[in-house]
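Working notes, beginning with the structure itself.
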Amino acid sequence: MPFSDFHGNADVVQTIREMLARDHFPHAVILSGPAGSGKHTLATMIARAMNCLEPPPGLPDFCGRCSNCTRIAQLEDLNTRCAEAVEARDNLKETEKKETRLFIQTHPDVLVIPPDPPQMMIKVDQVRRVIENIYFRPAEARERIFIFTDSAFMKEAANSLLKVLEEPPEFATIFLLTENPGELLATIRSRCMLLSLHSLSPPQIEQYLAKHRPDWTPQQRALVARLSEGAVGRARTFDLETYSAARNHALIILRTALRTAEHSELFKVTETYRAGAEGRDKIELLLRCFYSLLQDLLFLESKSPDLIRNIDVKGELEKLSQATDFDWLSSAADRLAEVERGLRRNLLRSLSLDAFEAALERS
C-alpha cells in the first residue's frame, strides 16, 4: 500500500513526501483529523517510508515488501493490536497487571502508545517508557518512531512529554494523533508541526467504497458515505447491519413519543437493553443513532433536506418532522444527554429509555 493508495488529502500527502525528500521532516508532528480520517494509517506509512530497505525511485515511498515495511504494516489494524495488548495484560498476575502499561510494538524501532484503560488516557509511565528508549539509536531502522494515538494526556504525562519535545534526538520522530489539537498543551503544540486531515465529501467516500466494499449496493454505499461523516476509515469498517438494527429501535422510541406507535412495541425494545459490557456497547450505539436522527429532523425543520444523513429513511423522517419543532428537538437532545449521564451512574438502561420516551411525549 504505497502513498498513492491513501484516499483523500492529496495535498497533505504531497507535503509529507516533499519534506521527506528534502530530509527536512520535523521531529514532532501533530496529525489532526476526525476519527477514521486515516491519521494512524498515515503515520505508519511515514514510518515505512523513513525505514524502507528497498525504496522505489522518485518521491519518497515504500516498497511494502521488505522486513521493515511488513513488520511496521502490522500496526495498521490498531483496534486488533490494542485488543491483543489488553488481553495480554489481563492474563498477567494481579500485581504485575497494575504496573503494566499498554504499548504496541511489531518492530523494535517503532512504538505505538495508545490511551491506557480504564481511564483511556496517556499515563506518565507510558511517556517515561518513551523517554527511556528515545535516546538509543535505532537497532534495525534509520529512524525511531513513536506514535501517540490520542491527545488525552494526564497532566504529569503531558509535562513529561514536553521535556522530550524540547530536545529530541536527531534520529527519532514523535507523532501525536488527535481529533482536536486544542486538547494538547499550547507548549506542546508550539514544538510540533501541525498537519490536518480534512473530511472527504460523500462522492469521494462512495468512490472509495466502490473499490473496497463491492459487496454493498450503490444505495448502501451512498448511505454509509453520509453516515461516516467524511471519515474513510470509519466508512470502510462501518457495520451497516448493526447500525440499522439500532436505528430501528431509535425510530420505534421516537414514533412512540410522537404518538404514532403503540407502547407495547416500545417496551419490547427497551427491555432488550440489559446490564453488562455487551449491553453498554449496544446502548451507546442506540444513543449515537438517536443523535443522528435528531440532527436529520433538525435539518428538515430548518429546510435543509440535502444535509440529511439517514437518506434511506428520509420518507419516515419527513412524517415524524410534521409532529416536531425546534423546541421539541432541543428538549429531546437535552433529555438524551440526561440519559447518557444516568448511564454513567449505572442507572437501569431499560428504565432510562422508558423515562426518556415518556419525557418526550407530546400532549
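Labels for the C-alpha cells follow display order: chains A, B, ..., residues from 1 in each chain, ligands from 1.
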(message) What's around Arg247 (chain A) at 8 Å? Count only C-alpha atoms, leave out sequence neighbours fewer than 2 positions away in its own chain, and write the answer as a PyMOL selection string.
(response) chain A and resi 243-245+249-251+286+289-290
(message) I'd like the interatomic distance between CA of Ile16 (chain A) and CA of Ser228 (chain A), to a tenth of an Å.
(response) 25.6 Å
Excluding same-chain residues fewer than 3 positions from region 265-271 of chain A, what lies within 10 Å of it counting only C-alpha atoms, as a short mmCIF file (atom, residue, chain, number, x, y, z; two decimals) with N, CA and C atoms, in the first residue's frame?
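part_18.cif, written as the output of this step:
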data_model
loop_
_atom_site.label_atom_id
_atom_site.label_comp_id
_atom_site.auth_asym_id
_atom_site.auth_seq_id
_atom_site.Cartn_x
_atom_site.Cartn_y
_atom_site.Cartn_z
N ALA A 246 -30.02 -0.90 15.39
CA ALA A 246 -30.08 0.07 16.48
C ALA A 246 -30.94 1.27 16.08
N ASN A 248 -33.42 1.29 14.02
CA ASN A 248 -34.83 0.89 14.04
C ASN A 248 -35.41 0.99 15.44
N HIS A 249 -34.61 0.63 16.46
CA HIS A 249 -35.05 0.79 17.85
C HIS A 249 -35.25 2.27 18.18
N ALA A 250 -34.32 3.11 17.72
CA ALA A 250 -34.44 4.55 17.98
C ALA A 250 -35.70 5.11 17.33
N LEU A 251 -36.00 4.64 16.13
CA LEU A 251 -37.21 5.11 15.43
C LEU A 251 -38.48 4.67 16.17
N ILE A 252 -38.47 3.46 16.73
CA ILE A 252 -39.63 2.98 17.48
C ILE A 252 -39.88 3.89 18.69
N ILE A 253 -38.80 4.25 19.39
CA ILE A 253 -38.94 5.12 20.55
C ILE A 253 -39.44 6.50 20.13
N LEU A 254 -38.93 7.02 19.02
CA LEU A 254 -39.38 8.32 18.54
C LEU A 254 -40.84 8.27 18.11
N ARG A 255 -41.22 7.20 17.41
CA ARG A 255 -42.62 7.08 16.96
C ARG A 255 -43.57 7.01 18.16
N THR A 256 -43.16 6.29 19.20
CA THR A 256 -44.00 6.18 20.39
C THR A 256 -44.14 7.53 21.07
N ALA A 257 -43.02 8.26 21.19
CA ALA A 257 -43.06 9.57 21.84
C ALA A 257 -43.95 10.55 21.08
N ALA A 261 -47.01 5.22 17.39
CA ALA A 261 -46.79 3.79 17.62
C ALA A 261 -47.30 3.43 19.01
N GLU A 262 -47.54 2.11 19.23
CA GLU A 262 -48.05 1.63 20.50
C GLU A 262 -46.92 1.44 21.52
N ARG A 274 -29.93 -4.64 28.46
CA ARG A 274 -29.60 -5.19 29.77
C ARG A 274 -28.25 -4.68 30.26
N ILE A 283 -26.25 0.08 23.88
CA ILE A 283 -26.98 1.33 24.15
C ILE A 283 -26.18 2.54 23.68
N ARG A 349 -30.78 0.53 32.30
CA ARG A 349 -30.85 1.02 30.93
C ARG A 349 -32.28 1.02 30.40
N SER A 350 -33.02 -0.07 30.62
CA SER A 350 -34.38 -0.14 30.09
C SER A 350 -35.27 0.94 30.71
N LEU A 351 -35.15 1.16 32.03
CA LEU A 351 -35.96 2.20 32.68
C LEU A 351 -35.55 3.59 32.20
N SER A 352 -34.26 3.80 31.97
CA SER A 352 -33.79 5.10 31.47
C SER A 352 -34.39 5.40 30.11
N LEU A 353 -34.47 4.40 29.25
CA LEU A 353 -35.05 4.61 27.92
C LEU A 353 -36.56 4.84 28.01
N ASP A 354 -37.24 4.09 28.89
CA ASP A 354 -38.68 4.31 29.06
C ASP A 354 -38.96 5.73 29.57
N GLU A 357 -38.45 8.27 26.77
CA GLU A 357 -39.61 8.34 25.85
C GLU A 357 -40.77 9.09 26.49
#
(message) If we count only C-alpha atoms and set the cut-off at 10 Å, which residues sit around Arg234 (chain A), ignoring sequence neighbours fewer than 2 positions away in its own chain? Please answer as JSON, numbers by chain.
(response) {"A": [34, 35, 36, 37, 38, 224, 225, 227, 228, 229, 230, 231, 232, 236, 237, 238, 239]}
Take the selection from the previous step and output its residues with N, CA and C atoms, as a short mmCIF file (atom, residue, chain, number, x, y, z; two decimals), in the first residue's frame.
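What ended up in again25.cif:
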data_model
loop_
_atom_site.label_atom_id
_atom_site.label_comp_id
_atom_site.auth_asym_id
_atom_site.auth_seq_id
_atom_site.Cartn_x
_atom_site.Cartn_y
_atom_site.Cartn_z
N PRO A 34 -10.74 14.07 11.94
CA PRO A 34 -11.82 13.32 12.59
C PRO A 34 -11.48 11.84 12.71
N ALA A 35 -12.17 11.17 13.63
CA ALA A 35 -11.96 9.73 13.80
C ALA A 35 -12.23 9.02 12.47
N GLY A 36 -11.30 8.16 12.08
CA GLY A 36 -11.46 7.42 10.83
C GLY A 36 -10.90 8.13 9.62
N SER A 37 -10.26 9.27 9.80
CA SER A 37 -9.73 10.02 8.65
C SER A 37 -8.41 9.47 8.15
N GLY A 38 -7.79 8.54 8.89
CA GLY A 38 -6.57 7.91 8.41
C GLY A 38 -5.31 8.40 9.09
N VAL A 224 -23.73 4.87 3.71
CA VAL A 224 -22.55 4.82 4.57
C VAL A 224 -21.66 6.05 4.34
N ALA A 225 -21.59 6.52 3.12
CA ALA A 225 -20.78 7.70 2.82
C ALA A 225 -21.25 8.90 3.63
N LEU A 227 -23.20 8.61 6.55
CA LEU A 227 -23.14 8.28 7.98
C LEU A 227 -21.72 8.34 8.52
N SER A 228 -20.73 8.10 7.68
CA SER A 228 -19.33 8.11 8.13
C SER A 228 -18.77 9.51 8.30
N GLU A 229 -19.54 10.53 7.89
CA GLU A 229 -19.16 11.93 8.09
C GLU A 229 -17.78 12.27 7.54
N GLY A 230 -17.47 11.75 6.36
CA GLY A 230 -16.24 12.12 5.69
C GLY A 230 -15.01 11.37 6.14
N ALA A 231 -15.15 10.37 7.02
CA ALA A 231 -14.01 9.59 7.52
C ALA A 231 -13.94 8.27 6.77
N VAL A 232 -12.92 8.12 5.95
CA VAL A 232 -12.84 6.95 5.08
C VAL A 232 -12.62 5.66 5.88
N ARG A 236 -15.07 2.37 5.79
CA ARG A 236 -14.60 1.04 5.40
C ARG A 236 -15.03 -0.03 6.39
N THR A 237 -15.06 0.31 7.67
CA THR A 237 -15.37 -0.68 8.71
C THR A 237 -16.79 -0.53 9.25
N PHE A 238 -17.61 0.24 8.57
CA PHE A 238 -18.96 0.52 9.07
C PHE A 238 -19.79 -0.75 9.10
N ASP A 239 -20.40 -1.04 10.26
CA ASP A 239 -21.27 -2.21 10.41
C ASP A 239 -22.70 -1.77 10.13
#
(request) Tell me which protein, DNA and RNA residues are within 6 Å of region 187-194 of chain A, counting only C-alpha atoms, leaving out same-chain ones fewer than 4 positions away, and put them as a PyMOL selection string. (result) chain A and resi 28-30+162
Next, write the just-selected residues to a file, as a CSV table (one decimal), in the first residue's frame, keeping C-alpha atoms as the atom set.
chain,number,residue,atom,x,y,z
A,28,ALA,CA,7.5,16.1,16.2
A,29,VAL,CA,4.3,16.1,14.2
A,30,ILE,CA,0.6,16.6,15.2
A,162,LEU,CA,7.2,18.4,26.8
Run DSSP on the backbone and give me the residues of region 147-360 of chain A it puts in strand (DSSP E or B), as an mmCIF file with C-alpha atoms, in the first residue's frame.
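Saved as states_37.cif:
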data_model
loop_
_atom_site.group_PDB
_atom_site.id
_atom_site.type_symbol
_atom_site.label_atom_id
_atom_site.label_comp_id
_atom_site.auth_asym_id
_atom_site.auth_seq_id
_atom_site.Cartn_x
_atom_site.Cartn_y
_atom_site.Cartn_z
ATOM 1 C CA ILE A 147 3.120 7.241 17.789
ATOM 2 C CA PHE A 148 0.751 8.541 20.475
ATOM 3 C CA PHE A 153 -2.789 13.042 28.348
ATOM 4 C CA ALA A 172 13.651 9.977 16.345
ATOM 5 C CA THR A 173 10.227 11.226 15.264
ATOM 6 C CA ILE A 174 7.174 11.617 17.507
ATOM 7 C CA PHE A 175 3.616 11.604 16.139
ATOM 8 C CA LEU A 176 0.677 12.913 18.155
ATOM 9 C CA LEU A 177 -2.685 11.878 16.713
ATOM 10 C CA THR A 178 -5.725 13.914 17.702
ATOM 11 C CA MET A 193 4.325 20.788 13.164
ATOM 12 C CA LEU A 194 0.562 20.531 12.631
ATOM 13 C CA LEU A 195 -0.764 18.552 9.652
ATOM 14 C CA SER A 196 -4.558 18.482 9.329
#
(request) Could you pull out the residues in region 12-91 of chain A that DSSP calls alpha helix (DSSP H) from the backbone, as a VMD selection string? (result) chain A and resid 12 to 21 39 to 51 67 to 73 78 to 90
